[in-house]
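Here the structure comes first, spelled out in structure tokens, and everything after it is commentary.
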Amino acid sequence: MVALALVGAAWLLGGLWVHPDRRAITINASDQALFEWLLAYAADTLRGGHNPLWTDLLNAPGGVNLAVNTAVTVLGWVLAPVTLLLGPSVTFTVALTFGVAATPVAWYLLLSRKLVRTPAAAIVGGLFCGFAPGLVSHANAHVNFASGYLVPLIIWRVLELRRPGRAVRNGLILGVLVAVQFSLGAETLFFAALACGVLLGFLLVAGYREPREHIVAFAKGLATTAVTAGVLLAYPIWMMFAGPGSYHGTGFNQVTHSEDLMAYGAFPRRSLAGVLGLAGRLAPNPTEENSFFGVPGLLLLIGAAVLALRLTRGAARRALARALVASALLFAVLSLGPVLKFNHHRTGVPLPYKLLQHAPLFDSALPGRFALIVTAIAGVLLALSLDRLPRLKHRRLVAAAVAMGLLPVVPAPLLTMDRSPVPHFISSGHWREYVRPGETLIPAPLPSDWLPDGQRWQAAVLAGGDGETFRVPAGFFLGPDSNGRGRIGPPPRWMQTMLSEAALRGDRPLAISPVMQAEARSDLQYWGGNVIVLPDGGYGNRWNRRHGLLLELLTELFGEPTRVDDVWLWQVR
């Protein structure tokens, strides 16, 4: 199982391993830059003793709340030696590869130890849970969702809470796992907790009952879990919901990020069927293909659910099969969001999620990602049905049907591209001659979700040398808008907007007026910096073709630049 998982991860991410420092995931280089920064900052907090959940290095002078930004702090601490020795790009590649490989192995362990008897059933179920289209989609730089290896371990430990005599021990273990998963991805933890609660409710409805001593042990273990996780997460939870830079809601549109009803039968882009041109482009972007089982795969999963319901032996296992099917249907409906979408068209038909979209926690989640819960449950049902395969009369026919259903969604390697290295002016430490550590350096264009280059410079400096670095304005992160709701990055100032429009679209003012020059200088004063750095255009970014326009605009605003090393530099008095 480990060998299969490693081969699958290498197949998916081999393009990054060619040269981690010079390669990026094509469709999501921005998230890659963000996670490289987060991993570099986590390593620096160990070395420098900084607050792991708050920093003023980004978004100068306002700062950023990292508790609301999937800080992956614990993962960054574990991989700190890799970051400090080899750099954040290598660490990102290691973290993503480990997450992709470890997730199916963890599901295999849960299935083989607790739910099925045959290794083949556990292997197929584990591989499906780890390499299903939704997980492959998020492997496009979403380290948090691609790293689902703690979820089956958490479920395993929840099951262990029933064991009498080990309530405290089991509760402590589960509490620590919950705290680590919160760091790795609070949204995934919310999904896991919600799935466990819903499944338990459906188990009770299906008639499943436990002996009294098991219930008492479960209650004691759950209380221990709550205390343990509460102690470990008191400060992170306060930061997330009430700390500086926190917000309510989400920075994304919940209707846009809901599953289209047709998406469950569509093929994903990075799959065998997708490569052959059969992909259904029904997701808001290629990283959010959360269902996309394809028609053969969807029929296979429906058949697996029917077989699990009909062939499972024993009252407890039958109740589990019923609860799993009911839970999958519920989360599939929730994944459709507040309004039904059908083949790109918003029908206006309200759905149950409309009642939840403003409730706490639900208002911060993206409904389409509930399909990831459906994927996990589908993998378990697939394993339960295949567990009976050796006893079936037509087992070869069933095995062939499984292969035919899964073949179209076999993953294809993720697309990667070359990207420009960090400028030598930055990596060599030459910047120290113009900006002292702790002062603000202004990258041009300013860092944002579409233009993350300046944030990558800072990550490289954090991971190298003594870790002392410059601050940068703006950045790619989630933070509050003027109404306290979530948004991507800070509300932009004039100079950031002007440079971003030039970099991304080639737009520019007809003429730079004295008023514009004064506005730009006012922005510099707000950011607390007077050194602007424009690298050579390079490659692998969204603005290299418009390098000349940026150079022209900055020259009109601040005068002739100085050529220093491999960058253009303005020192504005």
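If you're wondering about the labels, chains in the structure tokens are A, B, ... by order shown, residues count from 1 in each chain, ligands from 1 in order shown.
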### Query
Which residues in stretch 204-444 of chain A does DSSP call strand (DSSP E)? List them as a PyMOL selection string.
chain A and resi 339-342+345-350+416-418+441-443
#### Entry: For A:Pro338: contacts at 6 Å, only C-alpha atoms, fewer than 5 positions along chain excluded, given as a VMD selection string
chain A and resid 350 to 351 353 to 354
### Message
Just checking: using only C-alpha atoms, which residue out of A:Phe128, A:Trp568, A:Phe241, A:Tyr539 ends up closest to A:Trp431?
### Response
A:Trp568
### Task
May I ask for the distance between atom CA of A:Val100 and atom CA of A:Val180, given in Å to one decimal place?
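Taking atom CA of A:Val100 and atom CA of A:Val180, their separation equals 17.4 Å.
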### Query
Given the choices A:Val72, A:Val461, A:Leu278, A:Ala24, which gets closest to A:His430 if the distance is worked out from only C-alpha atoms?
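That would be A:Val461, the residue with the smallest distance to A:His430.
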### Task
Tell me, in Å to one decimal, how far atom CA of A:Ala132 is from atom CA of A:Gln254.
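Distance between the two atoms: 23.0 Å.
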### Query
In terms of the shortest atom-to-atom distance over only C-alpha atoms, which of A:Trp37, A:Tyr108, A:Tyr264, A:Phe293 is closest to A:Gly87?
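Ranked by minimum distance to A:Gly87, first place goes to A:Trp37.
Of note, atom CA of A:Leu12 and atom CA of A:Asn28 are spaced 14.7 Å apart.
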#### Entry: stretch 156-337 of chain A: residues DSSP assigns to alpha helix (DSSP H), reported as a PyMOL selection string
chain A and resi 156-160+167-184+186-205+212-242+272-273+294-311+315-335
### Task
For A:Leu549, list every protein, DNA or RNA residue within 12 Å, evaluated using only C-alpha atoms, and leave out those in the same chain fewer than 3 positions away; present the list as a PyMOL selection string.
chain A and resi 444-445+498-509+534+537+543-546+552-556
#### Entry: Among listed residues A:Ala60, A:Leu16, A:Val374, A:Ile123, nearest A:Val94 (using only C-alpha atoms)
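For A:Val94, the nearest of the given residues is A:Leu16.
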### Query
From the set A:Ala195, A:Ala308, A:Asn140, A:Ala29, which residue has the shortest atom-to-atom contact distance to A:Arg270, counting only C-alpha atoms?
A:Asn140
### Task
Quick one: everything within 7 Å of A:Leu382, counting only C-alpha atoms, minus sequence neighbours fewer than 5 positions away in the same chain. Send it as a ChimeraX atom specification.
/A:125,301,304
Store the residues picked out above in a file with C-alpha atoms, as a tab-separated table (two decimals), in the first residue's frame.
chain	number	residue	atom	x	y	z
A	125	GLY	CA	-10.93	1.93	-0.74
A	301	LEU	CA	-20.40	4.19	-6.39
A	304	ALA	CA	-21.25	-0.13	-4.29
